[in-house]
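Here is upload-v2.pdb, consisting of PDB, C-alpha atoms:
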```pdb
ATOM      1  CA  GLU O1375      17.322  15.286  24.503  1.00  0.00           C
ATOM      2  CA  ARG O1376      14.464  13.854  26.530  1.00  0.00           C
ATOM      3  CA  ALA O1377      12.114  13.841  23.539  1.00  0.00           C
ATOM      4  CA  ALA O1378      14.665  12.084  21.338  1.00  0.00           C
ATOM      5  CA  ALA O1379      15.468   9.464  23.959  1.00  0.00           C
ATOM      6  CA  HIS O1380      11.998   8.799  25.346  1.00  0.00           C
ATOM      7  CA  ALA O1381       9.373   9.777  22.774  1.00  0.00           C
ATOM      8  CA  SER O1382       6.859   7.023  22.131  1.00  0.00           C
ATOM      9  CA  LEU O1383       7.448   5.148  18.897  1.00  0.00           C
ATOM     10  CA  ASP O1384       3.811   4.039  18.639  1.00  0.00           C
ATOM     11  CA  ASN O1385       2.858   6.836  16.234  1.00  0.00           C
ATOM     12  CA  LEU O1386       5.337   6.970  13.362  1.00  0.00           C
ATOM     13  CA  HIS O1387       3.662  10.048  11.880  1.00  0.00           C
ATOM     14  CA  ALA O1388       4.472  11.874  15.116  1.00  0.00           C
ATOM     15  CA  VAL O1389       8.007  10.422  15.167  1.00  0.00           C
ATOM     16  CA  ALA O1390       8.600  11.615  11.592  1.00  0.00           C
ATOM     17  CA  GLY O1391       7.261  15.035  12.557  1.00  0.00           C
ATOM     18  CA  LEU O1392       9.516  15.190  15.608  1.00  0.00           C
ATOM     19  CA  LEU O1393      12.503  14.184  13.478  1.00  0.00           C
ATOM     20  CA  GLY O1394      11.736  17.052  11.141  1.00  0.00           C
ATOM     21  CA  GLU O1395      11.347  19.515  14.018  1.00  0.00           C
ATOM     22  CA  LEU O1396      14.619  18.421  15.620  1.00  0.00           C
ATOM     23  CA  ARG O1397      16.379  18.767  12.294  1.00  0.00           C
ATOM     24  CA  ARG O1398      14.946  22.262  11.694  1.00  0.00           C
ATOM     25  CA  ALA O1399      15.887  23.293  15.242  1.00  0.00           C
ATOM     26  CA  GLY O1400      19.501  22.340  14.610  1.00  0.00           C
ATOM     27  CA  ALA O1401      19.388  19.455  17.092  1.00  0.00           C
ATOM     28  CA  GLY O1402      21.184  17.007  14.803  1.00  0.00           C
ATOM     29  CA  GLU O1403      22.533  14.825  17.597  1.00  0.00           C
ATOM     30  CA  GLN O1404      19.071  14.403  19.106  1.00  0.00           C
ATOM     31  CA  ALA O1405      17.584  13.725  15.667  1.00  0.00           C
ATOM     32  CA  ALA O1406      20.199  10.995  15.214  1.00  0.00           C
ATOM     33  CA  VAL O1407      19.238   9.404  18.538  1.00  0.00           C
ATOM     34  CA  LEU O1408      15.543   9.433  17.606  1.00  0.00           C
ATOM     35  CA  ALA O1409      16.302   8.151  14.092  1.00  0.00           C
ATOM     36  CA  GLU O1410      18.266   5.245  15.538  1.00  0.00           C
ATOM     37  CA  ARG O1411      15.482   4.368  17.966  1.00  0.00           C
ATOM     38  CA  ALA O1412      12.766   4.632  15.308  1.00  0.00           C
ATOM     39  CA  ALA O1413      14.620   2.564  12.716  1.00  0.00           C
ATOM     40  CA  ALA O1414      15.388  -0.214  15.202  1.00  0.00           C
ATOM     41  CA  HIS O1415      12.246  -0.354  17.335  1.00  0.00           C
ATOM     42  CA  ALA O1416       9.223   1.343  15.754  1.00  0.00           C
ATOM     43  CA  SER O1417       6.188  -0.759  14.938  1.00  0.00           C
ATOM     44  CA  LEU O1418       6.019  -1.682  11.262  1.00  0.00           C
ATOM     45  CA  ASP O1419       2.329  -2.559  11.051  1.00  0.00           C
ATOM     46  CA  SER O1420       1.079   0.791   9.699  1.00  0.00           C
ATOM     47  CA  PRO O1421       2.126   1.003   6.043  1.00  0.00           C
ATOM     48  CA  GLY O1422       1.310   4.705   5.742  1.00  0.00           C
ATOM     49  CA  ALA O1423       3.401   5.619   8.753  1.00  0.00           C
ATOM     50  CA  VAL O1424       6.314   3.411   7.738  1.00  0.00           C
ATOM     51  CA  ALA O1425       6.209   4.897   4.217  1.00  0.00           C
ATOM     52  CA  GLY O1426       6.962   8.389   5.539  1.00  0.00           C
ATOM     53  CA  LEU O1427       9.795   7.360   7.816  1.00  0.00           C
ATOM     54  CA  PRO O1428      12.580   6.684   5.262  1.00  0.00           C
ATOM     55  CA  TRP O1429      12.182  10.160   3.773  1.00  0.00           C
ATOM     56  CA  GLU O1430      12.457  11.789   7.202  1.00  0.00           C
ATOM     57  CA  LEU O1431      15.466   9.621   8.031  1.00  0.00           C
ATOM     58  CA  TRP O1432      17.211  10.682   4.812  1.00  0.00           C
ATOM     59  CA  GLU O1433      16.342  14.320   5.466  1.00  0.00           C
ATOM     60  CA  ALA O1434      17.797  14.000   8.962  1.00  0.00           C
ATOM     61  CA  GLY O1435      21.033  12.655   7.475  1.00  0.00           C
ATOM     62  CA  ALA O1436      20.417   9.180   8.870  1.00  0.00           C
ATOM     63  CA  GLY O1437      20.725   7.149   5.686  1.00  0.00           C
ATOM     64  CA  GLU O1438      22.253   4.234   7.576  1.00  0.00           C
ATOM     65  CA  GLN O1439      19.087   4.066   9.649  1.00  0.00           C
ATOM     66  CA  VAL O1440      17.070   3.563   6.470  1.00  0.00           C
ATOM     67  CA  THR O1441      19.140   0.410   5.965  1.00  0.00           C
ATOM     68  CA  VAL O1442      18.360  -0.669   9.540  1.00  0.00           C
ATOM     69  CA  LEU O1443      14.648  -0.014   8.983  1.00  0.00           C
ATOM     70  CA  LEU O1444      14.617  -1.938   5.695  1.00  0.00           C
ATOM     71  CA  ALA O1445      16.486  -4.847   7.281  1.00  0.00           C
ATOM     72  CA  ARG O1446      13.493  -5.264   9.602  1.00  0.00           C
ATOM     73  CA  ASP O1447      11.399  -6.100   6.486  1.00  0.00           C
ATOM     74  CA  PRO O1448       8.484  -3.641   6.699  1.00  0.00           C
ATOM     75  CA  ALA O1449       6.909  -5.272   3.626  1.00  0.00           C
ATOM     76  CA  ALA O1450       6.302  -8.471   5.590  1.00  0.00           C
ATOM     77  CA  HIS O1451       4.888  -6.698   8.645  1.00  0.00           C
ATOM     78  CA  ALA O1452       2.675  -3.994   7.121  1.00  0.00           C
ATOM     79  CA  SER O1453      -1.012  -4.441   7.784  1.00  0.00           C
ATOM     80  CA  LEU O1454      -3.042  -4.827   4.593  1.00  0.00           C
ATOM     81  CA  ASP O1455      -6.486  -4.400   6.118  1.00  0.00           C
ATOM     82  CA  ASN O1456      -5.886  -0.695   6.498  1.00  0.00           C
ATOM     83  CA  HIS O1457      -6.103   1.894   3.731  1.00  0.00           C
ATOM     84  CA  PRO O1458      -4.856   0.517   0.373  1.00  0.00           C
ATOM     85  CA  GLY O1459      -3.476   3.982  -0.399  1.00  0.00           C
ATOM     86  CA  ALA O1460      -1.078   3.585   2.531  1.00  0.00           C
ATOM     87  CA  VAL O1461       0.054   0.242   1.125  1.00  0.00           C
ATOM     88  CA  ALA O1462       0.647   1.987  -2.219  1.00  0.00           C
ATOM     89  CA  GLY O1463       2.728   4.630  -0.440  1.00  0.00           C
ATOM     90  CA  LEU O1464       4.873   2.005   1.242  1.00  0.00           C
ATOM     91  CA  LEU O1465       5.292   0.169  -2.048  1.00  0.00           C
ATOM     92  CA  GLY O1466       6.518   3.383  -3.668  1.00  0.00           C
ATOM     93  CA  GLU O1467       8.926   4.122  -0.811  1.00  0.00           C
ATOM     94  CA  LEU O1468      10.358   0.614  -0.952  1.00  0.00           C
ATOM     95  CA  ARG O1469      10.948   0.984  -4.686  1.00  0.00           C
ATOM     96  CA  GLU O1470      12.615   4.371  -4.229  1.00  0.00           C
ATOM     97  CA  ALA O1471      14.785   3.002  -1.425  1.00  0.00           C
ATOM     98  CA  GLY O1472      16.041   0.255  -3.719  1.00  0.00           C
ATOM     99  CA  ALA O1473      14.334  -2.506  -1.768  1.00  0.00           C
ATOM    100  CA  GLY O1474      13.092  -4.319  -4.865  1.00  0.00           C
ATOM    101  CA  GLU O1475      12.642  -7.710  -3.208  1.00  0.00           C
ATOM    102  CA  GLN O1476      10.566  -6.202  -0.422  1.00  0.00           C
ATOM    103  CA  ALA O1477       8.525  -4.203  -2.938  1.00  0.00           C
ATOM    104  CA  ALA O1478       7.847  -7.407  -4.879  1.00  0.00           C
ATOM    105  CA  ALA O1479       6.858  -9.248  -1.684  1.00  0.00           C
ATOM    106  CA  LEU O1480       4.536  -6.408  -0.657  1.00  0.00           C
ATOM    107  CA  ALA O1481       3.009  -6.336  -4.149  1.00  0.00           C
ATOM    108  CA  GLU O1482       2.319 -10.065  -3.894  1.00  0.00           C
ATOM    109  CA  ARG O1483       0.727  -9.717  -0.447  1.00  0.00           C
ATOM    110  CA  ALA O1484      -1.307  -6.674  -1.485  1.00  0.00           C
ATOM    111  CA  ALA O1485      -2.672  -8.415  -4.578  1.00  0.00           C
ATOM    112  CA  ALA O1486      -3.985 -11.264  -2.463  1.00  0.00           C
ATOM    113  CA  HIS O1487      -5.039  -9.524   0.748  1.00  0.00           C
ATOM    114  CA  ALA O1488      -5.367  -5.725   0.493  1.00  0.00           C
ATOM    115  CA  SER O1489      -8.654  -4.255   1.635  1.00  0.00           C
ATOM    116  CA  LEU O1490     -10.972  -3.376  -1.247  1.00  0.00           C
ATOM    117  CA  ASP O1491     -13.354  -1.101   0.654  1.00  0.00           C
ATOM    118  CA  ASN O1492     -12.099   2.277  -0.589  1.00  0.00           C
ATOM    119  CA  LEU O1493     -12.398   2.492  -4.380  1.00  0.00           C
ATOM    120  CA  HIS O1494     -10.180   5.563  -4.760  1.00  0.00           C
ATOM    121  CA  ALA O1495      -7.442   3.990  -2.641  1.00  0.00           C
ATOM    122  CA  VAL O1496      -7.685   0.687  -4.529  1.00  0.00           C
ATOM    123  CA  ALA O1497      -7.273   2.561  -7.805  1.00  0.00           C
ATOM    124  CA  GLY O1498      -4.157   4.239  -6.353  1.00  0.00           C
ATOM    125  CA  LEU O1499      -2.755   0.885  -5.267  1.00  0.00           C
ATOM    126  CA  LEU O1500      -3.334  -0.505  -8.742  1.00  0.00           C
ATOM    127  CA  ARG O1501      -1.492   2.469 -10.282  1.00  0.00           C
ATOM    128  CA  GLU O1502       1.440   1.945  -7.904  1.00  0.00           C
ATOM    129  CA  LEU O1503       1.534  -1.782  -8.654  1.00  0.00           C
ATOM    130  CA  ARG O1504       1.774  -0.991 -12.358  1.00  0.00           C
ATOM    131  CA  ARG O1505       4.497   1.628 -11.729  1.00  0.00           C
ATOM    132  CA  ALA O1506       6.406  -1.023  -9.798  1.00  0.00           C
ATOM    133  CA  GLY O1507       6.230  -3.355 -12.776  1.00  0.00           C
ATOM    134  CA  ALA O1508       3.898  -5.685 -10.887  1.00  0.00           C
ATOM    135  CA  GLY O1509       1.389  -6.122 -13.693  1.00  0.00           C
ATOM    136  CA  GLU O1510       0.609  -9.678 -12.684  1.00  0.00           C
ATOM    137  CA  GLN O1511      -0.197  -8.564  -9.133  1.00  0.00           C
ATOM    138  CA  ALA O1512      -2.290  -5.654 -10.438  1.00  0.00           C
ATOM    139  CA  ALA O1513      -4.275  -8.122 -12.543  1.00  0.00           C
ATOM    140  CA  ALA O1514      -4.755 -10.422  -9.538  1.00  0.00           C
ATOM    141  CA  LEU O1515      -5.978  -7.519  -7.402  1.00  0.00           C
ATOM    142  CA  THR O1516      -8.335  -6.430 -10.186  1.00  0.00           C
ATOM    143  CA  GLU O1517      -9.732  -9.959 -10.416  1.00  0.00           C
ATOM    144  CA  ARG O1518     -10.695  -9.779  -6.722  1.00  0.00           C
ATOM    145  CA  LEU O1519     -12.884  -6.704  -7.244  1.00  0.00           C
ATOM    146  CA  PRO O1520     -16.135  -8.340  -8.478  1.00  0.00           C
ATOM    147  CA  ALA O1521     -16.277 -10.772  -5.549  1.00  0.00           C
ATOM    148  CA  ALA O1522     -15.856  -7.791  -3.191  1.00  0.00           C
ATOM    149  CA  GLY O1523     -18.871  -6.037  -4.725  1.00  0.00           C
ATOM    150  CA  GLN O1524     -16.697  -3.658  -6.769  1.00  0.00           C
ATOM    151  CA  PHE O1525     -17.798  -4.749 -10.252  1.00  0.00           C
ATOM    152  CA  ASP O1526     -18.058  -1.150 -11.504  1.00  0.00           C
ATOM    153  CA  LEU O1527     -14.419  -0.506 -10.636  1.00  0.00           C
ATOM    154  CA  PHE O1528     -13.465  -3.836 -12.222  1.00  0.00           C
ATOM    155  CA  ILE O1529     -15.148  -2.732 -15.459  1.00  0.00           C
ATOM    156  CA  ALA O1530     -13.588   0.734 -15.389  1.00  0.00           C
ATOM    157  CA  LEU O1531     -10.069  -0.496 -14.631  1.00  0.00           C
ATOM    158  CA  ARG O1532      -9.934  -3.346 -17.054  1.00  0.00           C
ATOM    159  CA  GLY O1533     -11.477  -1.319 -19.881  1.00  0.00           C
ATOM    160  CA  ASN O1534     -13.686  -4.248 -20.771  1.00  0.00           C
ATOM    161  CA  ARG O1535     -17.090  -2.655 -20.340  1.00  0.00           C
ATOM    162  CA  GLU O1536     -18.290  -4.121 -23.648  1.00  0.00           C
ATOM    163  CA  GLN O1537     -17.135  -7.672 -22.841  1.00  0.00           C
ATOM    164  CA  PHE O1538     -19.009  -7.660 -19.520  1.00  0.00           C
ATOM    165  CA  ARG O1539     -21.965  -5.497 -20.549  1.00  0.00           C
ATOM    166  CA  LEU O1540     -24.352  -8.237 -19.379  1.00  0.00           C
ATOM    167  CA  GLY O1541     -22.446  -9.020 -16.181  1.00  0.00           C
ATOM    168  CA  ARG O1542     -20.068 -11.712 -15.116  1.00  0.00           C
ATOM    169  CA  GLU O1543     -20.545 -15.380 -14.346  1.00  0.00           C
ATOM    170  CA  PRO O1544     -19.268 -16.820 -11.029  1.00  0.00           C
ATOM    171  CA  ASP O1545     -16.351 -18.423 -12.894  1.00  0.00           C
ATOM    172  CA  GLY O1546     -15.245 -14.974 -14.127  1.00  0.00           C
ATOM    173  CA  SER O1547     -16.426 -15.338 -17.710  1.00  0.00           C
ATOM    174  CA  ALA O1548     -18.728 -12.839 -19.396  1.00  0.00           C
ATOM    175  CA  ALA O1549     -22.416 -13.486 -18.844  1.00  0.00           C
ATOM    176  CA  PRO O1550     -24.129 -14.670 -22.043  1.00  0.00           C
ATOM    177  CA  SER O1551     -26.909 -12.797 -23.722  1.00  0.00           C
ATOM    178  CA  TRP O1552     -30.399 -13.840 -22.598  1.00  0.00           C
ATOM    179  CA  THR O1553     -34.073 -13.153 -23.195  1.00  0.00           C
ATOM    180  CA  TRP O1554     -37.121 -13.380 -20.991  1.00  0.00           C
ATOM    181  CA  ASN O1555     -37.920 -16.750 -22.615  1.00  0.00           C
ATOM    182  CA  ASP O1556     -34.702 -18.099 -21.002  1.00  0.00           C
ATOM    183  CA  MET O1557     -36.256 -17.593 -17.564  1.00  0.00           C
ATOM    184  CA  ASP O1558     -38.428 -20.701 -17.864  1.00  0.00           C
TER     185      ASP O1558
END
```

Hey, can you dump this file as structure tokens for me?
Amino acid sequence: ERAAAHASLDNLHAVAGLLGELRRAGAGEQAAVLAERAAAHASLDSPGAVAGLPWELWEAGAGEQVTVLLARDPAAHASLDNHPGAVAGLLGELREAGAGEQAAALAERAAAHASLDNLHAVAGLLRELRRAGAGEQAAALTERLPAAGQFDLFIALRGNREQFRLGREPDGSAAPSWTWNDMD
């Protein structure tokens, strides 16, 4: 009872784990108390942590708390300068929860502002954007890659290795063919 009523809500991974443990221990009433607290008061800035919470809430039989959590608009509050894979996870959870408007808003934000440091995670975010039907946002995110020093990923993802075999101009067009005589 004490854990459910007073556990810190700062670490949603730990909250989700505690929800699962309470559920497995047969402490349904305590799981409901924790679910209510988490849905209403947990920080929404960590997309990876927020992504795991709806599943644990559903598993704990607290579907109404998923509605409470979604009403707090996690898509608008999720940090995008974290791991893009976590943003992809949240995007997938929002889609599965039927929060299409929030998924669209998160896709828009991610396309413009998601961190591009981790190539594997960026590729995962692009896959999730496409799964979500956010092709325009996936294209916008892909267009940001060269400016972030990720030209190789840009080439691999767009499948336009031949078009940009000589590089890319600052305006985004393919670099023209040149010879050493052009250097004068």

Near-Gly1437 (chain O) list (12 Å; all atoms listed in the file; drop same-chain fewer than 4 positions) as a PyMOL selection string: chain O and resi 1406+1409-1410+1413+1427-1433+1441-1444+1471

Selection: 9 Å around Leu1490 (chain O), all atoms listed in the file, excl. self and same-chain fewer than 2 positions, as a list in words: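 That gives Asp1455, His1457, Pro1458, His1487, Ala1488, Asn1492, Leu1493, Ala1495, Val1496, Leu1515, Arg1518, Leu1519, Ala1522 and Gln1524 of chain O.
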
Nearest to Arg1398 (chain O), chosen from O:Asn1385, O:Ala1425, O:Ala1434, O:Ala1530, with all atoms listed in the file counted in the distances: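 Among O:Asn1385, O:Ala1425, O:Ala1434, O:Ala1530, it is O:Ala1434 that comes nearest to Arg1398 (chain O).
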
Counting all atoms listed in the file, the option among O:Pro1421, O:Gly1523, O:Gly1498, O:Pro1544 closest to Ala1460 (chain O): O:Pro1421

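Note on the selection: in this file the PyMOL selection byres ((chain O and resi 1483) around 10) comes out as Ala1449, Ala1450, Ala1452, Ser1453, Leu1454, Ala1477, Ala1478, Ala1479, Leu1480, Ala1481, Glu1482, Ala1484, Ala1485, Ala1486, His1487, Ala1488, Gln1511 and Leu1515 of chain O.
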
Residue members of the PyMOL selection byres ((chain O and resi 1376) around 12) in the file shown, as a list in words: Glu1375, Ala1377, Ala1378, Ala1379, His1380, Ala1381, Ser1382, Leu1396, Gln1404, Ala1405, Val1407 and Leu1408 of chain O

Separation of CA of Leu1503 (chain O) from CA of Ala1462 (chain O) in Å: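 Straight-line distance from CA of Ala1462 (chain O) to CA of Leu1503 (chain O) works out to 7.5 Å.
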
Centre and edges of the region 1493-1512 of chain O box, axis-aligned, 3 Å extra per side, as AutoDock Vina command-line options:
```
--center_x -3.0 --center_y -2.1 --center_z -8.2 --size_x 24.8 --size_y 21.2 --size_z 17.1
```

Using all atoms listed in the file: which of O:Ala1497, O:Ala1423, O:Val1389, O:Val1440 has the shortest distance to Asn1456 (chain O): O:Ala1423

Selection result of the PyMOL selection byres ((chain O and resi 1548) around 12) on this file, as an NGL selection string: :O and (1529 or 1534-1547 or 1549-1551)

For CA of Asp1384 (chain O) and CA of Arg1501 (chain O), the interatomic separation in Å (one decimal):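 For CA of Asp1384 (chain O) relative to CA of Arg1501 (chain O), the distance reads 29.4 Å.
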
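Closest approach to Leu1499 (chain O) among O:Ala1473, O:Leu1527, O:Val1461, O:Ala1521 is made by O:Val1461 (distances from only C-alpha atoms).
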
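In this structure, CA of Ala1412 (chain O) sits 16.9 Å away from CA of Leu1468 (chain O).
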
Given only C-alpha atoms as the counted atoms, nearest of O:Trp1554, O:Gln1439, O:Leu1392, O:Gly1402 to His1415 (chain O): O:Gln1439

Residue contacts of Glu1502 (chain O) (9 Å, only C-alpha atoms) excluding same-chain residues fewer than 6 positions away, as a list of chain:residue names: O:Ala1462, O:Gly1463, O:Leu1465, O:Gly1466, O:Ala1508, O:Ala1512
